[in-house]
file target28.txt (compact mmCIF, C-alpha atoms)
# COMPACT_ATOMS: atom_id res chain seq x y z
CA MET A 56 -17.57 -1.95 -10.61
CA LEU A 57 -18.40 1.74 -10.98
CA ALA A 58 -15.98 2.63 -8.24
CA SER A 59 -13.20 0.66 -9.86
CA ALA A 60 -13.79 2.12 -13.32
CA GLN A 61 -14.14 5.63 -11.94
CA ALA A 62 -11.05 5.29 -9.81
CA ASN A 63 -9.07 3.91 -12.74
CA SER A 64 -10.11 6.85 -14.94
CA GLN A 65 -8.98 9.43 -12.34
CA ARG A 66 -6.02 7.65 -10.76
CA PRO A 67 -3.45 8.18 -13.54
CA GLU A 68 -3.95 11.94 -13.47
CA LEU A 69 -3.70 12.07 -9.70
CA GLN A 70 -0.70 9.75 -9.63
CA VAL A 71 1.06 11.96 -12.19
CA ALA A 72 0.21 15.01 -10.08
CA LEU A 73 1.49 13.26 -6.95
CA ALA A 74 4.71 12.18 -8.66
CA GLY A 75 5.22 15.72 -9.97
CA SER A 76 4.65 17.15 -6.52
CA LEU A 77 7.11 14.72 -4.96
CA TYR A 78 9.73 15.50 -7.61
CA HIS A 79 9.24 19.26 -7.07
CA ARG A 80 9.51 18.81 -3.30
CA TYR A 81 12.81 16.90 -3.54
CA ARG A 82 14.18 19.37 -6.07
CA ILE A 83 13.34 22.28 -3.76
CA ARG A 84 14.81 20.39 -0.79
CA GLY A 85 18.07 20.08 -2.78
CA LYS A 86 18.03 23.82 -3.39
CA LEU A 87 17.49 24.40 0.32
CA GLN A 88 20.54 22.28 1.13
CA ASP A 89 22.56 24.22 -1.46
CA ALA A 90 21.41 27.51 0.07
CA GLU A 91 22.36 26.33 3.55
CA ALA A 92 25.81 25.32 2.29
CA ALA A 93 26.23 28.73 0.64
CA LEU A 94 25.24 30.37 3.92
CA ALA A 95 27.88 28.37 5.80
CA VAL A 96 30.53 29.36 3.24
CA ALA A 97 29.51 33.02 3.41
CA GLU A 98 29.65 33.00 7.21
CA GLY A 99 33.10 31.39 7.10
CA ASP A 100 34.33 33.95 4.59
CA LEU A 101 32.94 36.72 6.76
CA ARG A 102 34.83 35.47 9.83
CA LEU A 103 38.07 35.25 7.86
CA LYS A 104 37.70 38.70 6.37
CA GLN A 105 36.66 40.31 9.64
CA ALA A 106 40.07 39.38 11.01
CA GLY A 107 41.77 41.90 8.73
CA SER A 108 39.23 43.83 6.66
CA THR A 109 38.14 47.38 6.26
CA PRO A 110 34.68 48.42 7.54
CA GLU A 111 33.41 48.62 3.92
CA GLN A 112 34.57 45.09 3.15
CA MET A 113 32.99 43.81 6.36
CA ALA A 114 29.69 45.54 5.52
CA ALA A 115 29.68 43.86 2.10
CA GLU A 116 30.30 40.48 3.69
CA VAL A 117 27.55 41.05 6.24
CA ALA A 118 25.19 41.88 3.36
CA ALA A 119 26.21 38.65 1.58
CA VAL A 120 25.49 36.63 4.73
CA ARG A 121 22.07 38.31 5.11
CA GLN A 122 21.29 37.54 1.48
CA ALA A 123 22.24 33.89 2.02
CA GLU A 124 20.04 33.76 5.13
CA ALA A 125 17.11 35.19 3.17
CA ASN A 126 17.67 32.59 0.45
CA VAL A 127 17.60 29.79 3.04
CA GLY A 128 14.30 31.13 4.39
CA TYR A 129 12.83 31.28 0.89
CA GLN A 130 13.91 27.72 0.11
CA ALA A 131 12.44 26.48 3.41
CA ALA A 132 9.12 28.07 2.47
CA GLN A 133 9.31 26.34 -0.91
CA VAL A 134 9.83 22.98 0.81
CA LYS A 135 6.75 23.58 2.99
CA ALA A 136 4.67 24.54 -0.05
CA SER A 137 5.80 21.41 -1.88
CA ALA A 138 4.91 19.27 1.14
CA ALA A 139 1.42 20.77 1.17
CA SER A 140 1.09 20.05 -2.55
CA VAL A 141 2.08 16.41 -1.99
CA GLN A 142 -0.46 16.13 0.84
CA ASN A 143 -3.18 17.62 -1.36
CA ALA A 144 -2.43 15.24 -4.24
CA SER A 145 -2.47 12.27 -1.85
CA ALA A 146 -5.82 13.35 -0.46
CA GLN A 147 -7.26 13.73 -3.97
CA LEU A 148 -5.99 10.26 -4.90
CA ALA A 149 -7.62 8.76 -1.80
CA LYS A 150 -10.98 10.24 -2.86
CA THR A 151 -11.05 8.18 -6.07
CA VAL A 152 -11.90 4.92 -4.30
CA ILE A 153 -15.35 3.85 -3.11
CA ARG A 154 -15.31 1.15 -0.44
CA ALA A 155 -18.30 -0.82 0.80
CA PRO A 156 -18.64 -1.47 4.54
CA PHE A 157 -19.13 -5.20 3.78
CA ALA A 158 -18.42 -7.75 1.05
CA GLY A 159 -21.37 -8.08 -1.30
CA LEU A 160 -22.77 -7.99 -4.81
CA VAL A 161 -23.62 -4.85 -6.75
CA THR A 162 -27.35 -4.89 -7.54
CA LYS A 163 -27.83 -1.40 -8.93
CA GLN A 164 -25.47 1.17 -10.40
CA GLU A 165 -26.77 4.72 -10.11
CA ALA A 166 -23.87 6.60 -11.72
CA LYS A 167 -21.73 6.27 -14.81
CA VAL A 168 -17.95 6.33 -15.00
CA GLY A 169 -16.61 9.84 -14.59
CA ALA A 170 -19.86 11.20 -13.15
CA ILE A 171 -19.61 13.77 -10.39
CA MET A 172 -21.97 12.97 -7.55
CA ALA A 173 -23.23 15.07 -4.69
CA ALA A 174 -22.68 14.03 -1.10
CA ASN A 175 -25.20 11.55 0.34
CA THR A 176 -26.14 10.31 -3.14
CA THR A 177 -26.41 6.58 -3.73
CA ALA A 178 -23.80 5.47 -6.25
CA VAL A 179 -24.42 1.72 -6.06
CA SER A 180 -26.68 -0.68 -4.19
CA LEU A 181 -25.23 -3.82 -2.61
CA ILE A 182 -26.57 -7.02 -1.13
CA SER A 183 -24.78 -9.26 1.28
CA PRO A 184 -24.05 -12.74 -0.08
CA ALA A 185 -24.83 -14.36 3.28

call {"tool": "encode", "arguments": {"input": "target28.txt", "output": "structure tokens"}}
result
Amino acid sequence: MLASAQANSQRPELQVALAGSLYHRYRIRGKLQDAEAALAVAEGDLRLKQAGSTPEQMAAEVAAVRQAEANVGYQAAQVKASAASVQNASAQLAKTVIRAPFAGLVTKQEAKVGAIMAANTTAVSLISPA
């Protein structure tokens, strides 16, 4: 009973955080794909211009390609950070549920809804119906 009420009081916040993290991750992944496409375009432009360009023009194109490569690296790091955020939110959500090792009846409730308990503290006492 306590576990259910406590989990229900914390779950919406964690689910919102998880949904926000997932949205952010997919948004960043889209940016990464855009950056990779821009890199491909810049590399193609560079090859075309190298065929008949001055050294100054080629240097500018090389700089544009390097900038696009740096942007791809940055977006990849953002995707990894978003993935870690999603994992963290999922782990926090999993910690809102208390499960008994057997089916039984709650005989004593030691904590109130929303209470923060230390490790190895009894939250509820159960008896087996058998």

call {"tool": "residues_around", "arguments": {"input": "target28.txt", "residues": "Ala131 in chain A", "least_positions_apart": "4", "cutoff": "7 Å", "atoms": "only C-alpha atoms", "output": "VMD selection string"}}
result
chain A and resid 87 127 135

call {"tool": "write_last_selection", "arguments": {"input": "target28.txt", "atoms": "C-alpha atoms", "output": "short mmCIF file (atom, residue, chain, number, x, y, z; two decimals), in the frame of the given file"}}
result
data_model
loop_
_atom_site.label_atom_id
_atom_site.label_comp_id
_atom_site.auth_asym_id
_atom_site.auth_seq_id
_atom_site.Cartn_x
_atom_site.Cartn_y
_atom_site.Cartn_z
CA LEU A 87 17.49 24.40 0.32
CA VAL A 127 17.60 29.79 3.04
CA LYS A 135 6.75 23.58 2.99
#

call {"tool": "residues_around", "arguments": {"input": "target28.txt", "residues": "Gln130 in chain A", "least_positions_apart": "5", "cutoff": "10 Å", "atoms": "all atoms listed in the file", "output": "PDB file with C-alpha atoms, in the coordinates of the input"}}
result
ATOM      1  CA  ILE A  83      13.340  22.280  -3.760  1.00  0.00           C
ATOM      2  CA  ARG A  84      14.810  20.390  -0.790  1.00  0.00           C
ATOM      3  CA  GLY A  85      18.070  20.080  -2.780  1.00  0.00           C
ATOM      4  CA  LYS A  86      18.030  23.820  -3.390  1.00  0.00           C
ATOM      5  CA  LEU A  87      17.490  24.400   0.320  1.00  0.00           C
ATOM      6  CA  GLN A  88      20.540  22.280   1.130  1.00  0.00           C
ATOM      7  CA  ASP A  89      22.560  24.220  -1.460  1.00  0.00           C
ATOM      8  CA  ALA A  90      21.410  27.510   0.070  1.00  0.00           C
ATOM      9  CA  GLU A  91      22.360  26.330   3.550  1.00  0.00           C
ATOM     10  CA  GLU A 124      20.040  33.760   5.130  1.00  0.00           C
ATOM     11  CA  ALA A 125      17.110  35.190   3.170  1.00  0.00           C
ATOM     12  CA  LYS A 135       6.750  23.580   2.990  1.00  0.00           C
ATOM     13  CA  ALA A 136       4.670  24.540  -0.050  1.00  0.00           C
TER      14      ALA A 136
END

call {"tool": "residues_around", "arguments": {"input": "target28.txt", "residues": "Lys104 in chain A", "least_positions_apart": "5", "cutoff": "9 Å", "atoms": "all atoms listed in the file", "output": "list in words"}}
result
Gly99, Thr109, Gln112, Met113 and Glu116 of chain A

call {"tool": "residues_around", "arguments": {"input": "target28.txt", "residues": "Leu94 in chain A", "least_positions_apart": "6", "cutoff": "9 Å", "atoms": "all atoms listed in the file", "output": "ChimeraX atom specification"}}
result
/A:119-124,126-127

call {"tool": "closest_residue", "arguments": {"input": "target28.txt", "among": "A:Ala174, A:Pro67, A:Ser76, A:Glu165", "to": "Asn143 in chain A", "atoms": "only C-alpha atoms"}}
result
A:Ser76

call {"tool": "atom_distance", "arguments": {"input": "target28.txt", "atom1": "CA of Thr176 in chain A", "atom2": "CA of Lys150 in chain A"}}
result
15.2 Å

call {"tool": "residues_around", "arguments": {"input": "target28.txt", "residues": "Leu160 in chain A", "least_positions_apart": "3", "cutoff": "7 Å", "atoms": "all atoms listed in the file", "output": "number ranges by chain"}}
result
A: 181-184

call {"tool": "atom_distance", "arguments": {"input": "target28.txt", "atom1": "CA of Pro156 in chain A", "atom2": "CA of Thr177 in chain A"}}
result
13.9 Å

call {"tool": "build_atoms", "arguments": {"input": "target28.txt", "residues": "range 104-115 of chain A", "atoms": "all heavy atoms", "output": "short mmCIF file (atom, residue, chain, number, x, y, z; two decimals), in the frame of the given file"}}
result
data_model
loop_
_atom_site.label_atom_id
_atom_site.label_comp_id
_atom_site.auth_asym_id
_atom_site.auth_seq_id
_atom_site.Cartn_x
_atom_site.Cartn_y
_atom_site.Cartn_z
N LYS A 104 37.44 37.33 6.83
CA LYS A 104 37.70 38.70 6.37
C LYS A 104 37.58 39.71 7.49
O LYS A 104 38.20 40.77 7.44
CB LYS A 104 36.74 39.03 5.23
CG LYS A 104 37.09 38.23 3.98
CD LYS A 104 36.17 38.52 2.83
CE LYS A 104 36.58 37.68 1.63
NZ LYS A 104 35.76 37.89 0.48
N GLN A 105 36.77 39.39 8.51
CA GLN A 105 36.66 40.31 9.64
C GLN A 105 37.98 40.41 10.40
O GLN A 105 38.24 41.41 11.06
CB GLN A 105 35.55 39.85 10.59
CG GLN A 105 34.18 40.22 10.12
CD GLN A 105 33.09 39.70 11.05
OE1 GLN A 105 33.28 38.73 11.77
NE2 GLN A 105 31.94 40.36 11.02
N ALA A 106 38.79 39.39 10.30
CA ALA A 106 40.07 39.38 11.01
C ALA A 106 41.00 40.48 10.50
O ALA A 106 41.82 40.98 11.26
CB ALA A 106 40.73 38.01 10.87
N GLY A 107 40.87 40.86 9.24
CA GLY A 107 41.77 41.90 8.73
C GLY A 107 41.14 42.66 7.58
O GLY A 107 41.76 42.81 6.53
N SER A 108 39.92 43.13 7.74
CA SER A 108 39.23 43.83 6.66
C SER A 108 38.89 45.25 7.06
O SER A 108 38.83 45.60 8.23
CB SER A 108 37.93 43.09 6.31
OG SER A 108 38.20 41.81 5.84
N THR A 109 38.59 46.02 6.03
CA THR A 109 38.14 47.38 6.26
C THR A 109 36.65 47.34 6.61
O THR A 109 35.97 46.35 6.32
CB THR A 109 38.33 48.24 4.99
OG1 THR A 109 37.47 47.74 3.97
CG2 THR A 109 39.78 48.24 4.53
N PRO A 110 36.12 48.39 7.21
CA PRO A 110 34.68 48.42 7.54
C PRO A 110 33.79 48.23 6.29
O PRO A 110 32.75 47.59 6.37
CB PRO A 110 34.47 49.80 8.17
CG PRO A 110 35.81 50.16 8.72
CD PRO A 110 36.81 49.55 7.78
N GLU A 111 34.20 48.77 5.15
CA GLU A 111 33.41 48.62 3.92
C GLU A 111 33.37 47.17 3.46
O GLU A 111 32.34 46.66 3.04
CB GLU A 111 33.98 49.51 2.80
CG GLU A 111 33.89 51.00 3.05
CD GLU A 111 35.00 51.53 3.96
OE1 GLU A 111 36.04 50.85 4.13
OE2 GLU A 111 34.80 52.62 4.52
N GLN A 112 34.51 46.50 3.54
CA GLN A 112 34.57 45.09 3.15
C GLN A 112 33.71 44.24 4.09
O GLN A 112 33.02 43.33 3.66
CB GLN A 112 36.01 44.59 3.14
CG GLN A 112 36.85 45.19 2.03
CD GLN A 112 38.33 44.84 2.19
OE1 GLN A 112 38.82 44.72 3.31
NE2 GLN A 112 39.01 44.69 1.06
N MET A 113 33.79 44.57 5.40
CA MET A 113 32.99 43.81 6.36
C MET A 113 31.49 44.04 6.11
O MET A 113 30.70 43.10 6.20
CB MET A 113 33.35 44.20 7.79
CG MET A 113 34.71 43.65 8.21
SD MET A 113 35.09 43.75 9.97
CE MET A 113 34.82 45.44 10.38
N ALA A 114 31.10 45.25 5.79
CA ALA A 114 29.69 45.54 5.52
C ALA A 114 29.21 44.75 4.31
O ALA A 114 28.09 44.22 4.29
CB ALA A 114 29.49 47.03 5.30
N ALA A 115 30.05 44.64 3.29
CA ALA A 115 29.68 43.86 2.10
C ALA A 115 29.53 42.39 2.45
O ALA A 115 28.61 41.72 1.95
CB ALA A 115 30.73 44.05 1.01
#
